[in-house]
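Chemist: For reference, the file protein-v7.tsv (TSV, C-alpha atoms) is included below:
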chain	number	residue	atom	x	y	z
Y	1	MET	CA	104.97	85.04	113.78
Y	2	PRO	CA	104.38	87.15	110.66
Y	3	ILE	CA	102.10	85.55	108.08
Y	4	PRO	CA	103.46	85.69	104.50
Y	5	LEU	CA	101.31	87.28	101.84
Y	6	PRO	CA	99.83	84.99	99.19
Y	7	SER	CA	101.99	84.80	96.08
Y	8	SER	CA	101.19	87.20	93.28
Y	9	GLY	CA	98.73	85.79	90.79
Y	10	SER	CA	97.48	83.06	93.12
Y	11	HIS	CA	93.95	83.69	91.84
Y	12	THR	CA	92.44	85.11	88.69
Y	13	TRP	CA	89.84	87.56	89.92
Y	14	SER	CA	87.20	89.36	87.91
Y	15	GLU	CA	87.72	93.10	87.62
Y	16	SER	CA	84.84	93.82	90.01
Y	17	THR	CA	86.12	91.36	92.61
Y	18	SER	CA	89.65	92.71	92.40
Y	19	GLU	CA	88.31	96.22	92.94
Y	20	GLY	CA	86.30	94.98	95.92
Y	21	LEU	CA	89.42	93.40	97.41
Y	22	ARG	CA	91.34	96.65	96.97
Y	23	GLU	CA	88.53	98.57	98.66
Y	24	LEU	CA	88.55	96.09	101.53
Y	25	ALA	CA	92.29	96.39	102.04
Y	26	ALA	CA	92.08	100.19	101.92
Y	27	SER	CA	89.30	100.29	104.53
Y	28	THR	CA	90.59	97.58	106.90
Y	29	HIS	CA	91.42	98.86	110.39
Y	30	LEU	CA	95.14	99.02	111.10
Y	31	THR	CA	94.80	96.82	114.19
Y	32	ARG	CA	93.73	93.99	111.86
Y	33	PHE	CA	96.85	94.39	109.75
Y	34	ALA	CA	99.05	94.61	112.83
Y	35	ALA	CA	97.63	91.32	114.10
Y	36	ARG	CA	98.33	89.47	110.86
Y	37	LEU	CA	101.61	91.07	109.85
Y	38	ASP	CA	104.73	91.74	111.91
Y	39	GLY	CA	103.62	93.39	115.16
Y	40	ARG	CA	106.83	95.40	115.16
Y	41	LEU	CA	105.79	97.38	112.08
Y	42	SER	CA	105.00	101.02	112.76
Y	43	ALA	CA	101.61	102.52	112.01
Y	44	SER	CA	103.12	104.59	109.20
Y	45	THR	CA	104.55	101.46	107.59
Y	46	LEU	CA	101.22	99.69	107.85
Y	47	VAL	CA	99.51	102.65	106.20
Y	48	ARG	CA	102.01	102.59	103.32
Y	49	LEU	CA	101.38	98.88	102.79
Y	50	GLN	CA	97.64	99.44	102.98
Y	51	LYS	CA	97.74	102.18	100.34
Y	52	SER	CA	99.93	100.22	97.92
Y	53	SER	CA	97.77	99.36	94.90
Y	54	ARG	CA	100.27	96.63	94.04
Y	55	LEU	CA	99.71	94.87	97.38
Y	56	GLN	CA	96.05	95.55	98.16
Y	57	VAL	CA	94.58	92.44	96.52
Y	58	ARG	CA	97.17	90.19	98.18
Y	59	LEU	CA	96.61	91.85	101.56
Y	60	ALA	CA	92.86	91.28	101.27
Y	61	GLU	CA	93.46	87.64	100.33
Y	62	MET	CA	95.60	87.24	103.42
Y	63	LEU	CA	92.99	88.82	105.69
Y	64	LEU	CA	90.12	86.77	104.30
Y	65	GLY	CA	91.97	83.48	104.06
Y	66	ASN	CA	89.65	80.52	103.49
Y	67	GLU	CA	86.60	82.74	103.71
Y	68	MET	CA	87.24	83.76	100.09
Y	69	ASP	CA	86.38	81.02	97.62
Y	70	SER	CA	88.74	80.01	94.84
Y	71	ASN	CA	87.21	82.15	92.12
Y	72	GLY	CA	85.48	84.97	93.95
Y	73	SER	CA	82.03	83.95	92.72
Y	74	ASN	CA	80.48	84.65	96.12
Y	75	TRP	CA	81.66	88.27	96.24
Y	76	GLY	CA	78.42	90.21	96.51
Y	77	ASN	CA	77.42	93.65	97.72
Y	78	ASP	CA	78.72	94.88	101.07
Y	79	LEU	CA	76.13	94.34	103.80
Y	80	LEU	CA	76.47	97.96	104.97
Y	81	LEU	CA	76.36	99.35	101.43
Y	82	GLY	CA	79.91	100.62	101.76
Y	83	HIS	CA	79.25	102.65	104.91
Y	84	ASP	CA	81.38	102.81	108.06
Y	85	PRO	CA	80.47	99.98	110.48
Y	86	ASN	CA	81.30	102.22	113.45
Y	87	ARG	CA	78.63	104.61	112.26
Y	88	ALA	CA	76.15	101.77	111.83
Y	89	ALA	CA	76.92	100.60	115.37
Y	90	LEU	CA	76.34	104.05	116.85
Y	91	LEU	CA	73.03	104.32	115.02
Y	92	ALA	CA	71.92	100.92	116.35
Y	93	GLY	CA	73.13	101.76	119.86
Y	94	SER	CA	71.26	105.05	119.81
Y	95	ILE	CA	68.00	103.20	119.21
Y	96	TRP	CA	68.85	100.76	121.99
Y	97	HIS	CA	69.24	103.66	124.46
Y	98	ALA	CA	66.68	106.03	122.93
Y	99	ARG	CA	64.83	106.49	126.23
Y	100	SER	CA	68.01	107.81	127.83
Y	101	LEU	CA	68.58	110.13	124.87
Y	102	LEU	CA	65.12	111.58	125.29
Y	103	LYS	CA	65.67	112.28	128.99
Y	104	LEU	CA	69.09	113.85	128.58
Y	105	VAL	CA	68.14	117.54	128.39
Y	106	SER	CA	70.93	119.38	130.21
Y	107	LYS	CA	72.83	121.50	127.68
Y	108	GLN	CA	76.13	120.58	129.28
Y	109	HIS	CA	75.39	116.84	129.28
Y	110	LEU	CA	73.96	116.99	125.78
Y	111	ALA	CA	77.10	118.70	124.49
Y	112	ILE	CA	79.28	115.95	125.99
Y	113	LEU	CA	77.12	113.22	124.48
Y	114	LEU	CA	76.99	114.81	121.02
Y	115	ASP	CA	80.76	115.15	121.06
Y	116	ARG	CA	81.02	111.38	121.51
Y	117	ILE	CA	78.24	109.92	119.39
Y	118	GLY	CA	77.42	112.76	116.98
Y	119	ALA	CA	74.21	114.62	116.21
Y	120	GLU	CA	73.10	112.05	113.62
Y	121	ALA	CA	73.02	109.14	116.07
Y	122	HIS	CA	71.31	111.28	118.70
Y	123	ALA	CA	68.53	112.37	116.34
Y	124	PHE	CA	68.21	108.88	114.84
Y	125	GLY	CA	67.73	107.26	118.23
Y	126	ILE	CA	65.01	109.68	119.30
Y	127	ARG	CA	63.30	109.33	115.92
Y	128	ASN	CA	63.11	105.57	116.49
Y	129	LEU	CA	62.12	105.73	120.15
Y	130	ALA	CA	59.39	103.13	119.62
Y	131	SER	CA	62.09	100.50	118.97
Y	132	ALA	CA	64.16	101.28	122.07
Y	133	VAL	CA	65.43	98.28	124.03
Y	134	ALA	CA	66.98	99.59	127.28
Y	135	ILE	CA	64.36	100.33	129.92
Y	136	THR	CA	66.56	101.88	132.61
Y	137	ALA	CA	67.72	105.39	131.74
Y	138	THR	CA	71.36	106.45	132.07
Y	139	ALA	CA	71.84	110.08	133.11
Y	140	ASP	CA	75.64	110.31	132.85
Y	141	PRO	CA	76.55	111.30	129.24
Y	142	GLU	CA	79.95	109.62	129.22
Y	143	GLN	CA	78.55	106.37	130.56
Y	144	LEU	CA	75.66	106.59	128.12
Y	145	SER	CA	77.98	107.09	125.14
Y	146	GLN	CA	79.95	104.01	126.17
Y	147	GLN	CA	76.76	101.97	126.48
Y	148	ILE	CA	75.56	103.16	123.08
Y	149	GLU	CA	78.84	102.18	121.48
Y	150	ARG	CA	79.05	98.81	123.24
Y	151	ASN	CA	75.46	97.70	122.64
Y	152	GLY	CA	75.50	99.07	119.11
Y	153	HIS	CA	78.60	97.10	118.18
Y	154	ALA	CA	77.17	93.99	119.84
Y	155	CYS	CA	73.96	94.30	117.82
Y	156	LEU	CA	75.99	94.71	114.66
Y	157	GLY	CA	77.99	91.61	115.51
Y	158	ALA	CA	74.86	89.58	116.24
Y	159	TRP	CA	73.35	90.69	112.94
Y	160	LEU	CA	76.53	89.72	111.09
Y	161	ASP	CA	76.43	86.25	112.66
Y	162	GLU	CA	73.46	85.53	110.41
Y	163	ALA	CA	75.47	86.37	107.28
Y	164	SER	CA	78.05	84.30	105.39
Y	165	ALA	CA	81.56	84.10	106.81
Y	166	LEU	CA	82.87	86.22	103.94
Y	167	ASP	CA	80.26	88.96	104.28
Y	168	ARG	CA	80.77	89.04	108.04
Y	169	ALA	CA	84.54	89.32	107.68
Y	170	ARG	CA	84.23	92.15	105.16
Y	171	VAL	CA	82.46	94.26	107.79
Y	172	LEU	CA	84.41	93.20	110.88
Y	173	LEU	CA	87.75	93.91	109.21
Y	174	ARG	CA	86.77	97.58	109.05
Y	175	LEU	CA	86.36	97.68	112.84
Y	176	PRO	CA	89.23	97.77	115.36
Y	177	MET	CA	89.96	94.54	117.14
Y	178	GLY	CA	88.26	94.01	120.49
Y	179	THR	CA	84.87	95.67	119.98
Y	180	ALA	CA	81.66	94.16	121.34
Y	181	ALA	CA	80.81	93.10	117.78
Y	182	GLU	CA	82.98	90.04	118.40
Y	183	ASN	CA	81.04	88.86	121.47
Y	184	PRO	CA	77.33	89.67	121.27
Y	185	ALA	CA	75.01	88.35	123.98
Y	186	ALA	CA	71.61	86.71	123.66
Y	187	GLU	CA	69.85	90.03	124.23
Y	188	HIS	CA	71.68	91.50	121.24
Y	189	ARG	CA	70.76	88.56	119.03
Y	190	ASN	CA	67.09	89.13	119.86
Y	191	ALA	CA	67.21	92.84	119.01
Y	192	ALA	CA	69.73	92.90	116.17
Y	193	GLY	CA	67.38	92.21	113.26
Y	194	PRO	CA	64.83	94.99	113.91
Y	195	LEU	CA	67.47	97.57	114.87
Y	196	LEU	CA	69.76	96.90	111.92
Y	197	SER	CA	66.80	96.94	109.55
Y	198	LEU	CA	66.19	100.53	110.61
Y	199	VAL	CA	69.88	101.36	110.27
Y	200	ILE	CA	70.19	99.85	106.79
Y	201	ALA	CA	67.07	101.65	105.62
Y	202	HIS	CA	68.63	104.90	106.82
Y	203	LEU	CA	71.99	104.22	105.16
Y	204	SER	CA	70.40	103.11	101.91
Y	205	ARG	CA	69.14	106.65	101.34
Y	206	GLU	CA	72.72	107.85	100.93
Y	207	THR	CA	75.45	107.24	98.39
Y	208	PRO	CA	78.05	104.92	99.97
Y	209	ARG	CA	81.50	106.37	100.62
Y	210	HIS	CA	83.16	103.63	98.59
Y	211	ASP	CA	82.01	100.97	96.19
Y	212	SER	CA	79.97	98.24	97.81
For this file, produce the structure as structure tokens.

Modeler:
Amino acid sequence: MPIPLPSSGSHTWSESTSEGLRELAASTHLTRFAARLDGRLSASTLVRLQKSSRLQVRLAEMLLGNEMDSNGSNWGNDLLLGHDPNRAALLAGSIWHARSLLKLVSKQHLAILLDRIGAEAHAFGIRNLASAVAITATADPEQLSQQIERNGHACLGAWLDEASALDRARVLLRLPMGTAAENPAAEHRNAAGPLLSLVIAHLSRETPRHDS
């Protein structure tokens, strides 16, 4: 059943919080909107709603629900400094499987892998080889890319579990539904802190793509 949007003016937000809510609505993955709104809405309709400056604050309120306090006083900086959580997950996953990255030397296999995870993640993983987690190497580039994505998202999810519900939601809403970030295992909880520390240090050297 479709969930109605909060009524206009239901909260009096500060200018910075309102801008943060608009940014969140604009960056939320469409699968999240589809799950909360009418599932019969087309992707183009969802995009139009998402881009509506008049609706963005109300959409963000709907998505956050009780995780947003009554006056927005707990709205701090984005945990990923405004960067794409998918990118952060690939960077974390590349460290996890850095030993496999180092052993993948075939030009054909390397081209397939780079097409899926990107040159940045590949170089980042090798650069942080000392923090690699996986011991067994994976030689198949497609399988390796899937493992990097899955374990990277799981590490991100485990790291977010240590944050407040609001901060966690602000990152997860930018991911599609159903990633491994929603169900990390014990092994990811053990590795998440060190790996994400390296990722955040890397991201902090850049200007975020939207306000954090």

Chemist: Could you check which of Y:Ala158, Y:Leu21, Y:Met177, Y:Leu144 is closest to Leu63 of chain Y, using all atoms listed in the file?

Modeler: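 Looking at the shortest contact to Leu63 of chain Y, the residue is Y:Leu21.
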
Chemist: Skipping near chain neighbours, those fewer than 6 positions away, what residues fall within 8 Å of Gly93 of chain Y using all atoms listed in the file, listed as a count of residues only?

Modeler: 9

Chemist: When you draw a straight line from atom CA of Arg174 of chain Y to atom CA of Thr17 of chain Y, how long is it in Å?

Modeler: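 Atom-to-atom, atom CA of Arg174 of chain Y to atom CA of Thr17 of chain Y, that is 17.6 Å.
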
Chemist: Between Y:Ser27, Y:Ser100, Y:Ser197, Y:Ser16, which has the minimum distance to Ile135 of chain Y (counting all atoms listed in the file)?

Modeler: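 With all atoms listed in the file as the atom set, the closest residue is Y:Ser100.
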
Chemist: In terms of the shortest atom-to-atom distance over all atoms listed in the file, which of Y:Gly82, Y:Gly76, Y:Gly193, Y:Pro141 is closest to His122 of chain Y?

Modeler: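 Once distances to His122 of chain Y are computed over all atoms listed in the file, the minimum belongs to Y:Pro141.
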
Chemist: Would you mind listing what lies within 9 Å of Leu24 of chain Y as number ranges by chain, with only C-alpha atoms counted and same-chain residues fewer than 2 positions away left out?

Modeler: Y: 19-22, 26-28, 56-57, 60, 170-171, 173-174

Chemist: List the spatial neighbours of Trp96 of chain Y as a count of residues only - criterion: any atom at most 12 Å away, all atoms listed in the file, same-chain residues fewer than 4 positions off excluded.

Modeler: 46

Chemist: Between atom CA of Lys51 of chain Y and atom CA of Ala25 of chain Y, what distance in Å does the model show, to one decimal?

Modeler: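 Atom CA of Ala25 of chain Y lies 8.1 Å from atom CA of Lys51 of chain Y.
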
Chemist: Give me, please, the distance in Å between atom CA of Leu114 of chain Y and atom CA of Arg205 of chain Y, quoted to one decimal.

Modeler: 22.7 Å

Chemist: Counting only C-alpha atoms, which of Y:Asp78, Y:Glu61, Y:Asp38, Y:Glu67 gets nearest to Ser18 of chain Y?

Modeler: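 The answer is Y:Glu61, which sits nearest to Ser18 of chain Y.
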
Chemist: Of the candidates Y:Ile112, Y:Leu46, Y:Ala88, Y:Ala123, which one gets nearest to Ala139 of chain Y if we count all atoms listed in the file?

Modeler: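 Counting all atoms listed in the file, the residue closest to Ala139 of chain Y is Y:Ile112.
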
Chemist: Need the shell around Glu182 of chain Y: protein/DNA/RNA residues with any atom at most 7 Å away, counting only C-alpha atoms. Skip same-chain ones fewer than 3 positions apart. Format as a PyMOL selection string?

Modeler: chain Y and resi 157+178-179

Chemist: Which neighbours of Pro176 of chain Y fall inside 8 Å, counting all atoms listed in the file, when residues of the same chain fewer than 5 positions from it are skipped, and could you give them as a ChimeraX atom specification?

Modeler: /Y:29-32
